[in-house]
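Engineer: Handing over final19.tsv, TSV, C-alpha atoms and all ligand atoms.
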```tsv
chain	number	residue	atom	x	y	z
A	1	MET	CA	-4.62	19.30	-13.36
A	2	ARG	CA	-3.34	17.10	-10.59
A	3	ILE	CA	-2.91	18.87	-7.32
A	4	PRO	CA	-0.03	17.48	-5.28
A	5	PRO	CA	-1.05	15.97	-1.95
A	6	ILE	CA	-0.72	18.25	1.00
A	7	ALA	CA	2.34	17.47	3.08
A	8	THR	CA	1.73	17.03	6.74
A	9	LYS	CA	4.62	17.28	9.11
A	10	PRO	CA	5.88	13.86	10.09
A	11	ARG	CA	5.68	13.61	13.84
A	12	LEU	CA	6.66	10.08	14.36
A	13	ASN	CA	10.22	9.71	13.37
A	14	ASN	CA	11.67	9.25	16.80
A	15	CYS	CA	8.65	8.34	18.84
A	16	GLY	CA	8.24	5.24	20.96
A	17	ALA	CA	7.77	1.83	19.43
A	18	GLY	CA	4.16	1.58	20.55
A	19	ASP	CA	3.23	4.96	19.07
A	20	PHE	CA	4.68	4.16	15.70
A	21	LEU	CA	2.87	0.83	15.54
A	22	ARG	CA	-0.35	2.46	16.71
A	23	GLU	CA	-0.18	5.17	14.05
A	24	LEU	CA	0.62	2.63	11.37
A	25	SER	CA	-2.24	0.38	12.50
A	26	ALA	CA	-4.64	3.31	12.25
A	27	ARG	CA	-3.72	3.61	8.57
A	28	VAL	CA	-3.49	-0.09	7.73
A	29	VAL	CA	-6.27	-1.79	9.63
A	30	GLY	CA	-6.66	-5.45	10.52
A	31	GLN	CA	-3.06	-6.40	9.73
A	32	SER	CA	-1.36	-6.11	13.07
A	33	GLN	CA	0.58	-9.36	12.71
A	34	ALA	CA	2.14	-8.00	9.51
A	35	LEU	CA	2.91	-4.57	10.92
A	36	THR	CA	4.46	-5.94	14.11
A	37	GLN	CA	6.96	-7.77	11.93
A	38	ILE	CA	7.89	-4.69	9.89
A	39	VAL	CA	8.13	-1.96	12.53
A	40	PRO	CA	11.18	-3.42	14.39
A	41	TYR	CA	13.30	-2.92	11.26
A	42	VAL	CA	12.36	0.77	11.12
A	43	GLN	CA	13.36	1.08	14.74
A	44	MET	CA	16.62	-0.78	14.31
A	45	HIS	CA	17.50	1.75	11.65
A	46	GLN	CA	16.44	4.69	13.78
A	47	ALA	CA	18.57	3.35	16.63
A	48	GLY	CA	21.54	3.02	14.27
A	49	LEU	CA	21.64	-0.71	14.92
A	50	SER	CA	20.87	-2.10	11.47
A	51	PRO	CA	23.54	-4.53	10.31
A	52	GLU	CA	26.06	-3.05	7.87
A	53	GLY	CA	26.42	-4.18	4.30
A	54	ARG	CA	22.74	-5.09	3.95
A	55	PRO	CA	19.55	-3.14	3.31
A	56	ALA	CA	17.89	-2.00	6.54
A	57	GLY	CA	15.18	-4.57	5.84
A	58	VAL	CA	13.86	-6.76	3.04
A	59	PHE	CA	10.23	-7.83	3.11
A	60	LEU	CA	8.02	-9.92	0.89
A	61	LEU	CA	4.35	-9.11	1.40
A	62	LEU	CA	1.93	-11.83	0.29
A	63	GLY	CA	-1.80	-12.32	0.54
A	64	PRO	CA	-5.12	-11.68	-1.14
A	65	THR	CA	-5.72	-8.60	-3.33
A	66	GLY	CA	-6.80	-5.36	-1.70
A	67	THR	CA	-5.76	-6.20	1.84
A	68	GLY	CA	-3.22	-3.41	2.37
A	69	LYS	CA	0.14	-4.64	1.05
A	70	THR	CA	0.93	-1.62	-1.11
A	71	ARG	CA	-0.93	0.59	1.36
A	72	THR	CA	1.51	-0.40	4.12
A	73	VAL	CA	4.47	1.10	2.28
A	74	GLU	CA	2.53	4.30	1.52
A	75	ALA	CA	1.51	4.57	5.17
A	76	LEU	CA	5.15	4.15	6.24
A	77	ALA	CA	6.14	6.93	3.83
A	78	ASP	CA	3.48	9.13	5.37
A	79	LEU	CA	4.71	8.43	8.90
A	80	LEU	CA	8.43	8.75	8.15
A	81	HIS	CA	8.43	11.51	5.58
A	82	GLY	CA	5.04	13.19	5.81
A	83	ARG	CA	3.86	12.16	2.35
A	84	GLU	CA	2.32	8.95	1.13
A	85	LYS	CA	4.01	9.05	-2.23
A	86	HIS	CA	7.47	9.79	-0.88
A	87	LEU	CA	8.90	6.43	-1.91
A	88	LEU	CA	10.64	4.83	-4.86
A	89	LYS	CA	8.13	2.56	-6.55
A	90	VAL	CA	8.88	0.11	-9.31
A	91	ASP	CA	5.72	-1.27	-10.90
A	92	CYS	CA	7.03	-4.65	-11.90
A	93	GLY	CA	4.23	-5.08	-14.43
A	94	GLU	CA	6.12	-2.53	-16.55
A	95	PHE	CA	9.23	-4.73	-16.54
A	96	GLN	CA	7.95	-7.93	-18.07
A	97	MET	CA	10.60	-7.99	-20.81
A	98	GLU	CA	14.33	-8.39	-20.23
A	99	HIS	CA	15.20	-5.15	-22.06
A	100	GLU	CA	12.78	-3.25	-19.84
A	101	VAL	CA	14.57	-4.46	-16.72
A	102	ALA	CA	17.77	-2.97	-18.17
A	103	LYS	CA	16.09	0.44	-17.88
A	104	LEU	CA	16.42	0.19	-14.13
A	105	ILE	CA	20.20	0.26	-14.28
A	106	GLY	CA	20.76	2.10	-17.58
A	107	ALA	CA	22.79	1.00	-20.59
A	108	PRO	CA	26.61	0.83	-20.46
A	109	PRO	CA	28.46	3.80	-22.05
A	110	GLY	CA	28.68	3.47	-25.81
A	111	TYR	CA	25.61	1.22	-26.02
A	112	LEU	CA	22.50	2.26	-27.82
A	113	GLY	CA	20.29	4.20	-25.47
A	114	HIS	CA	23.06	5.08	-23.04
A	115	ARG	CA	22.18	8.75	-23.03
A	116	GLU	CA	18.44	8.55	-23.55
A	117	THR	CA	17.76	6.21	-20.67
A	118	PRO	CA	18.98	7.47	-17.34
A	119	PRO	CA	18.73	4.59	-14.87
A	120	MET	CA	15.70	4.47	-12.60
A	121	LEU	CA	17.58	3.28	-9.55
A	122	THR	CA	20.36	5.77	-8.81
A	123	GLN	CA	21.86	6.99	-5.53
A	124	GLN	CA	20.31	10.35	-6.24
A	125	LYS	CA	16.84	8.85	-6.71
A	126	LEU	CA	17.24	6.99	-3.41
A	127	GLY	CA	18.27	10.22	-1.74
A	128	SER	CA	15.29	12.06	-3.21
A	129	VAL	CA	12.89	9.92	-1.16
A	130	THR	CA	14.49	10.71	2.18
A	131	SER	CA	13.38	13.78	4.13
A	132	GLU	CA	14.52	16.14	6.84
A	133	SER	CA	12.89	13.89	9.39
A	134	SER	CA	14.25	10.56	8.17
A	135	ASP	CA	17.16	9.33	6.04
A	136	LEU	CA	15.46	6.01	5.40
A	137	SER	CA	14.42	5.40	1.77
A	138	LEU	CA	11.42	3.19	1.10
A	139	VAL	CA	11.78	1.15	-2.07
A	140	LEU	CA	8.79	-0.78	-3.36
A	141	PHE	CA	8.92	-3.44	-6.06
A	142	ASP	CA	5.20	-3.84	-6.55
A	143	GLU	CA	3.84	-7.16	-7.86
A	144	ILE	CA	7.29	-8.65	-8.21
A	145	GLU	CA	6.06	-11.87	-9.82
A	146	LYS	CA	5.17	-9.92	-12.98
A	147	ALA	CA	8.76	-8.88	-13.69
A	148	ALA	CA	11.05	-10.70	-16.10
A	149	PRO	CA	13.42	-13.20	-14.43
A	150	SER	CA	16.36	-10.81	-14.78
A	151	MET	CA	14.69	-8.57	-12.20
A	152	THR	CA	15.30	-11.16	-9.50
A	153	ARG	CA	18.92	-11.57	-10.66
A	154	LEU	CA	19.37	-7.83	-10.44
A	155	LEU	CA	17.83	-7.80	-6.99
A	156	MET	CA	20.12	-10.55	-5.68
A	157	GLY	CA	23.03	-8.18	-5.18
A	158	VAL	CA	20.82	-5.52	-3.67
A	159	LEU	CA	19.29	-7.90	-1.14
A	160	ASP	CA	22.57	-9.58	-0.31
A	161	LYS	CA	25.11	-6.75	-0.13
A	162	ALA	CA	22.92	-3.65	-0.46
A	163	LEU	CA	24.74	-2.87	-3.70
A	164	LEU	CA	23.47	-2.38	-7.22
A	165	ARG	CA	25.89	-1.99	-10.11
A	166	LEU	CA	24.61	0.35	-12.81
A	167	GLY	CA	25.22	0.16	-16.53
A	168	ASP	CA	27.95	2.80	-16.26
A	169	ASN	CA	29.70	0.67	-13.63
A	170	THR	CA	28.97	2.95	-10.69
A	171	THR	CA	27.25	1.44	-7.65
A	172	VAL	CA	24.19	2.39	-5.66
A	173	ASN	CA	24.16	1.70	-1.92
A	174	PHE	CA	20.91	0.45	-0.39
A	175	GLU	CA	22.05	0.23	3.26
A	176	ARG	CA	19.70	3.02	4.24
A	177	ALA	CA	16.69	1.53	2.47
A	178	LEU	CA	13.80	-0.70	3.39
A	179	ILE	CA	12.97	-2.88	0.44
A	180	PHE	CA	9.45	-4.15	-0.01
A	181	LEU	CA	8.47	-6.76	-2.56
A	182	THR	CA	4.75	-7.31	-2.88
A	183	SER	CA	3.26	-10.25	-4.65
A	184	ASN	CA	-0.02	-11.90	-5.46
A	185	LEU	CA	1.68	-15.28	-5.67
A	186	GLY	CA	-0.69	-17.87	-4.29
A	187	ALA	CA	-3.51	-15.34	-3.98
A	188	ARG	CA	-5.82	-17.25	-6.32
A	189	GLU	CA	-5.21	-20.47	-4.46
A	190	MET	CA	-5.77	-18.66	-1.16
A	191	HIS	CA	-9.05	-17.38	-2.52
A	192	SER	CA	-10.32	-20.80	-3.51
A	193	HIS	CA	-9.23	-22.15	-0.13
A	194	LEU	CA	-11.67	-19.74	1.45
A	195	LYS	CA	-14.87	-21.74	1.20
A	196	PRO	CA	-17.29	-20.22	-1.29
A	197	GLY	CA	-20.44	-19.16	0.50
A	198	PHE	CA	-18.60	-18.60	3.74
A	199	GLY	CA	-16.18	-16.07	2.40
A	200	PHE	CA	-13.45	-14.21	4.16
A	201	GLU	CA	-15.64	-13.44	7.13
A	202	ALA	CA	-15.81	-17.09	8.11
A	203	LEU	CA	-12.09	-17.39	7.72
A	204	ALA	CA	-11.25	-14.30	9.70
A	205	ALA	CA	-13.65	-15.34	12.44
A	206	ASP	CA	-11.85	-18.66	12.63
A	207	ALA	CA	-9.49	-18.41	15.65
A	208	SER	CA	-7.27	-16.30	13.35
A	209	GLY	CA	-4.10	-18.38	13.76
A	210	VAL	CA	-5.06	-21.62	12.08
A	211	SER	CA	-6.36	-20.23	8.80
A	212	LEU	CA	-3.72	-17.54	8.54
A	213	ASN	CA	-1.12	-20.25	8.89
A	214	LYS	CA	-2.81	-22.13	6.09
A	215	LEU	CA	-2.77	-19.05	3.84
A	216	HIS	CA	0.87	-18.45	4.68
A	217	TYR	CA	1.61	-22.05	3.79
A	218	ILE	CA	-0.14	-21.66	0.41
A	219	GLY	CA	1.75	-18.42	-0.27
A	220	MET	CA	5.10	-19.92	0.68
A	221	GLY	CA	4.48	-22.86	-1.65
A	222	ALA	CA	3.84	-20.47	-4.54
A	223	VAL	CA	6.92	-18.42	-3.61
A	224	ARG	CA	9.14	-21.50	-3.55
A	225	ARG	CA	7.87	-22.55	-6.96
A	226	HIS	CA	8.49	-19.09	-8.43
A	227	PHE	CA	11.81	-18.00	-6.88
A	228	THR	CA	15.12	-19.77	-6.30
A	229	PRO	CA	16.04	-20.76	-2.73
A	230	GLU	CA	18.96	-18.27	-2.87
A	231	PHE	CA	16.53	-15.45	-3.54
A	232	VAL	CA	14.04	-16.52	-0.86
A	233	ASN	CA	16.92	-16.81	1.63
A	234	ARG	CA	17.85	-13.18	1.18
A	235	ILE	CA	14.47	-11.94	2.33
A	236	ASP	CA	14.34	-10.98	6.02
A	237	THR	CA	10.63	-11.48	6.52
A	238	ILE	CA	7.85	-12.99	4.45
A	239	VAL	CA	4.49	-11.75	5.69
A	240	THR	CA	1.05	-12.98	4.66
A	241	TYR	CA	-1.71	-10.40	4.83
A	242	GLN	CA	-5.06	-11.54	6.17
A	243	PRO	CA	-8.39	-11.28	4.41
A	244	LEU	CA	-10.13	-8.22	5.86
A	245	ASP	CA	-12.81	-9.07	8.40
A	246	PRO	CA	-16.02	-6.99	8.75
A	247	GLY	CA	-14.48	-4.95	11.58
A	248	ALA	CA	-11.50	-4.02	9.43
A	249	LEU	CA	-13.71	-3.14	6.47
A	250	GLU	CA	-15.79	-0.94	8.76
A	251	GLY	CA	-12.60	0.86	9.80
A	252	ILE	CA	-11.66	1.34	6.16
A	253	VAL	CA	-15.07	2.89	5.34
A	254	ASP	CA	-14.46	5.40	8.15
A	255	ILE	CA	-10.93	6.15	6.87
A	256	GLN	CA	-12.22	6.66	3.33
A	257	ILE	CA	-15.03	8.97	4.45
A	258	ALA	CA	-12.64	10.97	6.66
A	259	ALA	CA	-10.34	11.31	3.63
A	260	LEU	CA	-13.26	12.55	1.53
A	261	GLU	CA	-14.12	15.14	4.19
A	262	LEU	CA	-10.53	16.33	4.30
A	263	HIS	CA	-10.52	16.53	0.52
A	264	ILE	CA	-13.66	18.69	0.51
A	265	GLU	CA	-12.13	20.98	3.11
A	266	ASN	CA	-8.78	21.32	1.34
A	267	ARG	CA	-9.85	21.48	-2.26
A	268	LEU	CA	-13.04	23.51	-2.04
A	269	ALA	CA	-11.64	25.92	0.56
A	270	GLU	CA	-14.20	28.72	1.04
A	271	ARG	CA	-16.78	26.76	-0.98
A	272	SER	CA	-16.49	23.75	1.32
A	273	PHE	CA	-19.38	22.24	3.27
A	274	GLU	CA	-19.95	19.77	6.06
A	275	LEU	CA	-20.55	16.14	5.22
A	276	GLU	CA	-22.55	13.92	7.55
A	277	VAL	CA	-22.61	10.27	6.55
A	278	SER	CA	-25.06	8.39	8.78
A	279	ALA	CA	-24.27	5.04	10.39
A	280	ALA	CA	-26.92	3.46	8.14
A	281	ALA	CA	-25.19	4.90	5.07
A	282	ARG	CA	-21.90	3.44	6.24
A	283	ARG	CA	-23.57	0.03	6.69
A	284	PHE	CA	-25.03	0.37	3.20
A	285	LEU	CA	-21.57	1.02	1.72
A	286	LEU	CA	-20.12	-1.88	3.67
A	287	ALA	CA	-22.83	-4.29	2.50
A	288	LYS	CA	-22.44	-3.23	-1.14
A	289	GLY	CA	-18.66	-3.07	-1.12
A	290	THR	CA	-17.73	-6.29	0.64
A	291	SER	CA	-15.93	-8.56	-1.75
A	292	SER	CA	-13.87	-11.61	-0.91
A	293	GLU	CA	-12.09	-11.35	-4.23
A	294	TYR	CA	-10.99	-7.72	-4.32
A	295	GLY	CA	-10.83	-6.81	-0.64
A	296	ALA	CA	-10.92	-3.08	0.09
A	297	ARG	CA	-10.55	-2.23	-3.60
A	298	GLU	CA	-14.21	-3.06	-4.14
A	299	LEU	CA	-15.10	-1.00	-1.09
A	300	LYS	CA	-13.24	2.02	-2.49
A	301	ARG	CA	-15.00	1.63	-5.85
A	302	THR	CA	-18.37	1.40	-4.10
A	303	ILE	CA	-17.73	4.61	-2.13
A	304	LEU	CA	-16.68	6.37	-5.30
A	305	ARG	CA	-19.75	5.24	-7.24
A	306	GLU	CA	-22.38	5.58	-4.52
A	307	LEU	CA	-21.12	8.63	-2.67
A	308	THR	CA	-18.24	10.62	-4.16
A	309	GLN	CA	-19.50	10.78	-7.74
A	310	PRO	CA	-23.14	11.73	-6.97
A	311	LEU	CA	-21.84	14.32	-4.51
A	312	ALA	CA	-19.40	15.69	-7.08
A	313	ALA	CA	-22.23	15.99	-9.61
A	314	MET	CA	-24.19	18.09	-7.11
A	315	VAL	CA	-21.20	20.31	-6.37
A	316	ALA	CA	-20.52	20.78	-10.09
A	317	GLY	CA	-24.19	21.70	-10.58
A	318	ASN	CA	-23.94	24.36	-7.85
A	319	GLU	CA	-26.46	22.48	-5.72
A	320	VAL	CA	-24.34	22.67	-2.58
A	321	PRO	CA	-23.99	26.19	-1.18
A	322	PRO	CA	-20.86	26.94	0.86
A	323	GLU	CA	-21.09	26.06	4.55
A	324	SER	CA	-24.20	23.97	4.12
A	325	LEU	CA	-24.72	20.64	5.83
A	326	VAL	CA	-24.90	17.62	3.53
A	327	ARG	CA	-26.63	14.56	5.02
A	328	VAL	CA	-26.17	11.13	3.49
A	329	TYR	CA	-28.45	8.17	4.29
A	330	PRO	CA	-29.88	5.15	2.46
A	331	ASP	CA	-33.35	5.29	0.88
A	332	GLU	CA	-36.14	3.18	2.38
A	333	ASP	CA	-35.53	0.20	0.11
A	334	GLY	CA	-31.81	0.31	0.73
A	335	VAL	CA	-31.14	0.57	-3.01
A	336	ARG	CA	-29.15	3.78	-3.07
A	337	LEU	CA	-27.93	6.64	-0.96
A	338	LEU	CA	-29.87	9.88	-0.67
A	339	ILE	CA	-28.04	13.16	-0.34
A	340	ASP	CA	-29.84	16.05	1.37
A	341	VAL	CA	-28.51	19.58	1.40
A	342	ILE	CA	-29.52	21.59	4.44
A	343	GLY	CA	-29.29	25.30	4.64
B	401	LIG	N1	-5.75	-2.99	5.61
B	401	LIG	C1	-6.13	-1.85	5.03
B	401	LIG	N2	-6.29	-0.72	5.77
B	401	LIG	C2	-6.69	0.45	5.19
B	401	LIG	N3	-6.94	0.60	3.87
B	401	LIG	C3	-6.79	-0.49	3.09
B	401	LIG	C4	-6.39	-1.75	3.61
B	401	LIG	N4	-6.33	-2.64	2.61
B	401	LIG	C5	-6.68	-1.97	1.52
B	401	LIG	N5	-6.98	-0.69	1.78
B	401	LIG	C6	-7.46	0.33	0.83
B	401	LIG	O1	-7.60	-0.30	-0.44
B	401	LIG	C7	-6.67	0.21	-1.39
B	401	LIG	C8	-6.02	-0.96	-2.13
B	401	LIG	O2	-5.21	-1.69	-1.24
B	401	LIG	P1	-3.72	-2.13	-1.59
B	401	LIG	O3	-2.85	-1.94	-0.41
B	401	LIG	O4	-3.28	-1.44	-2.83
B	401	LIG	O5	-3.95	-3.67	-1.88
B	401	LIG	P2	-2.91	-4.82	-2.14
B	401	LIG	O6	-2.90	-5.65	-0.90
B	401	LIG	O7	-3.51	-5.58	-3.30
B	401	LIG	O8	-1.58	-4.19	-2.45
B	401	LIG	C9	-5.67	1.02	-0.57
B	401	LIG	O9	-5.22	2.12	-1.30
B	401	LIG	C10	-6.46	1.43	0.65
B	401	LIG	O10	-7.18	2.62	0.39
B	402	MG	MG	-0.65	-3.95	-4.29
```
Could you show the structure in this file as structure tokens?

Structural biologist:
Amino acid sequence: MRIPPIATKPRLNNCGAGDFLRELSARVVGQSQALTQIVPYVQMHQAGLSPEGRPAGVFLLLGPTGTGKTRTVEALADLLHGREKHLLKVDCGEFQMEHEVAKLIGAPPGYLGHRETPPMLTQQKLGSVTSESSDLSLVLFDEIEKAAPSMTRLLMGVLDKALLRLGDNTTVNFERALIFLTSNLGAREMHSHLKPGFGFEALAADASGVSLNKLHYIGMGAVRRHFTPEFVNRIDTIVTYQPLDPGALEGIVDIQIAALELHIENRLAERSFELEVSAAARRFLLAKGTSSEYGARELKRTILRELTQPLAAMVAGNEVPPESLVRVYPDEDGVRLLIDVIG
């Protein structure tokens, strides 16, 4: 059974600009140049100063895999609405065929499938991802380059006038929505640009600006080849995410371990225990999970394999009494993590 995530109360709806950016940066690490471009649109909306007749913001997020593009939208949902999944997400990989794109707006009355396929993008669905603390809907078209070409045609009206006409001829208004398109366009080329053997670390260490500009340039080239100029012109901001440097990856290890601790506390309740992951264990995870190709995804997989799963096996085998202290550290050869249960 899937247990729904625990809702925390959003605290940051009307806080100062700096606070919002700080909280967002704590959730999406190492991408401050991206976040500083996104946050002003949230604040324009909160101030009631977003232009009329357009979505509150339209963003295209580019860059290497596993660097926090999708994560950014989830983190915004958490900050605005108190839940990471409180957003409307369209996985564009599921809309590779023209007839699948039609599912988003529903079939016209009288057409085959009119009743069976309620549209995915309705006013009501947009409303369902607002909350008491914010009326701003977050809409994510994830991996947009995978969708059939009619997806971009459908999006044209949304990006331009904040209007989407459904199959039954009603319209959906996107004025109170932030629209995020994420894409891996250019990511492979970006990856090969990062010199093999030097990896992302070398690039990130490089006076940040120069190489990030180069990556942005590669991404923009790929975007221009894939989309029409009319489409590109309707995007407010195109942001390129940076490869994660060692400092950012270190921050992500800490976030992941803190999340695991919270999970143990919430899910195991009175059977929960205290987890102590040593600095050496964190370095071990970092060394094993650093990948220039998959970014933090590889890190997450490493933590799951080396820490979460062995720990879960011990819990399932009743080897961890409630309220005990569980110490994690690498073995002498640095081949695997050891898990000691104390008291
Ligand atoms: N900059 C980041 N800060 C914090 N966590 C991150 C970051 N980048 C990636 N992650 C972690 O890795 C996972 C995959 O990242 P994701 O945002 O889905 O990558 P992509 O850039 O390919 O969309 C996230 O769910 C998150 O746990
Ligand atoms: Mg993604």

Engineer: Using only C-alpha atoms and all ligand atoms, find each residue with an atom at most 9 Å away from ligand MG 402 (chain B) and format the answer as a list in words.

Structural biologist: Thr65, Gly66, Thr67, Gly68, Lys69, Thr70, Arg71, Asp142, Glu143, Thr182, Ser183 and Asn184 of chain A

Engineer: Once you have the residues from the selection above, write them out as a PDB file, in the frame of the given file, restricted to C-alpha atoms.

Structural biologist:
```pdb
ATOM      1  CA  THR A  65      -5.720  -8.600  -3.330  1.00  0.00           C
ATOM      2  CA  GLY A  66      -6.800  -5.360  -1.700  1.00  0.00           C
ATOM      3  CA  THR A  67      -5.760  -6.200   1.840  1.00  0.00           C
ATOM      4  CA  GLY A  68      -3.220  -3.410   2.370  1.00  0.00           C
ATOM      5  CA  LYS A  69       0.140  -4.640   1.050  1.00  0.00           C
ATOM      6  CA  THR A  70       0.930  -1.620  -1.110  1.00  0.00           C
ATOM      7  CA  ARG A  71      -0.930   0.590   1.360  1.00  0.00           C
ATOM      8  CA  ASP A 142       5.200  -3.840  -6.550  1.00  0.00           C
ATOM      9  CA  GLU A 143       3.840  -7.160  -7.860  1.00  0.00           C
ATOM     10  CA  THR A 182       4.750  -7.310  -2.880  1.00  0.00           C
ATOM     11  CA  SER A 183       3.260 -10.250  -4.650  1.00  0.00           C
ATOM     12  CA  ASN A 184      -0.020 -11.900  -5.460  1.00  0.00           C
TER      13      ASN A 184
END
```

Engineer: How many Å lie between atom CA of Arg176 of chain A and atom CA of Lys125 of chain A, rounded to one decimal?

Structural biologist: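 Straight-line distance from atom CA of Arg176 of chain A to atom CA of Lys125 of chain A works out to 12.7 Å.
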
Engineer: Taking all atoms of segment 44-55 of chain A that the file lists, what box with edges along x, y and z, padded by 5 Å per side, do you get, with centre and edge lengths in Å to one decimal, as lines of an AutoDock Vina configuration file?

Structural biologist:
```
center_x = 21.4
center_y = -0.2
center_z = 10.0
size_x = 20.0
size_y = 19.8
size_z = 23.3
```

Engineer: Could the residues that lie within 9 Å of ligand LIG 401 (chain B), counting all atoms listed in the file, be listed as an MDAnalysis selection string?

Structural biologist: chainID A and resid 25:31 61:74 142:143 182:184 241:244 248:249 251:253 255:256 294:300

Engineer: Which one is closest to Tyr41 of chain A: A:Thr240, A:Gln96, A:Pro55, A:Pro118? Count only C-alpha atoms.

Structural biologist: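 Smallest distance to Tyr41 of chain A is found for A:Pro55.
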
Engineer: Can you find the residues with an atom no farther than 10 Å from (4.9, -4.4, 17.2), counting all atoms listed in the file, and report them as a VMD selection string?

Structural biologist: chain A and resid 17 to 22 25 32 to 40

Engineer: Any idea what the distance is between atom CA of Val239 of chain A and atom CA of Lys161 of chain A?

Structural biologist: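 Those two atoms sit 22.0 Å apart.
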
Engineer: Determine the nearest neighbour of Glu132 of chain A from the options A:Lys103, A:Lys146, A:His81, A:His191, counting all atoms listed in the file.

Structural biologist: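 Between A:Lys103, A:Lys146, A:His81, A:His191, the residue approaching Glu132 of chain A most closely is A:His81.
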
Engineer: How many Å separate atom CA of Ala56 of chain A from atom CA of Ala177 of chain A?

Structural biologist: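 Atom-to-atom, atom CA of Ala56 of chain A and atom CA of Ala177 of chain A are spaced 5.5 Å apart.
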
Engineer: Nearest to Asp168 of chain A: which of A:Leu121, A:Ala279, A:Ala107, A:Leu337 is it, counting all atoms listed in the file?

Structural biologist: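 Closest to Asp168 of chain A of all the choices is A:Ala107.
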
Engineer: Looking at A:Val129, A:Leu178, A:Leu136, A:Ile339, which one is nearest to Pro310 of chain A, with distances taken over only C-alpha atoms?

Structural biologist: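 For Pro310 of chain A, the nearest of the candidates is A:Ile339.
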
Engineer: Which residue gives the smallest distance to Leu140 of chain A among A:Tyr217, A:Phe59, A:Phe227, A:Phe95, with all atoms listed in the file counted?

Structural biologist: A:Phe59

Engineer: Considering all atoms listed in the file, can you say which of A:Leu185, A:Ser278, A:Glu319, A:Asn169 comes closest to His226 of chain A?

Structural biologist: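 Smallest distance to His226 of chain A is found for A:Leu185.
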
Engineer: Determine, counting all atoms listed in the file, which protein, DNA and RNA residues have an atom within 10 Å of an atom of Arg234 of chain A; residues of the same chain fewer than 2 positions away are not included. Present the result as a list of chain:residue names.

Structural biologist: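 Residues near the query, excluding close chain neighbours: A:Arg54, A:Val58, A:Phe59, A:Leu155, A:Met156, A:Gly157, A:Val158, A:Leu159, A:Asp160, A:Lys161, A:Pro229, A:Glu230, A:Phe231, A:Val232, A:Asp236, A:Thr237.
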
Engineer: Excluding Gly53 of chain A and residues on its chain fewer than 6 positions from it, collect all residues at most 9 Å away from it, counting all atoms listed in the file, and give them as a ChimeraX atom specification.

Structural biologist: /A:160-163,173-175

Engineer: Up to 9 Å from (11.1, 4.4, 9.6) in the file's coordinates: name the residues, counting only C-alpha atoms, as a PyMOL selection string.

Structural biologist: chain A and resi 12-14+20+39+41-46+76-77+79-81+134-138+178

Engineer: Would you pick out the contacts of Arg336 of chain A at 10 Å or less, using all atoms listed in the file, so that residues sharing its chain but fewer than 3 positions from it are not included, and give the list as a PyMOL selection string?

Structural biologist: chain A and resi 281+284-285+288+306-307+329-333+339
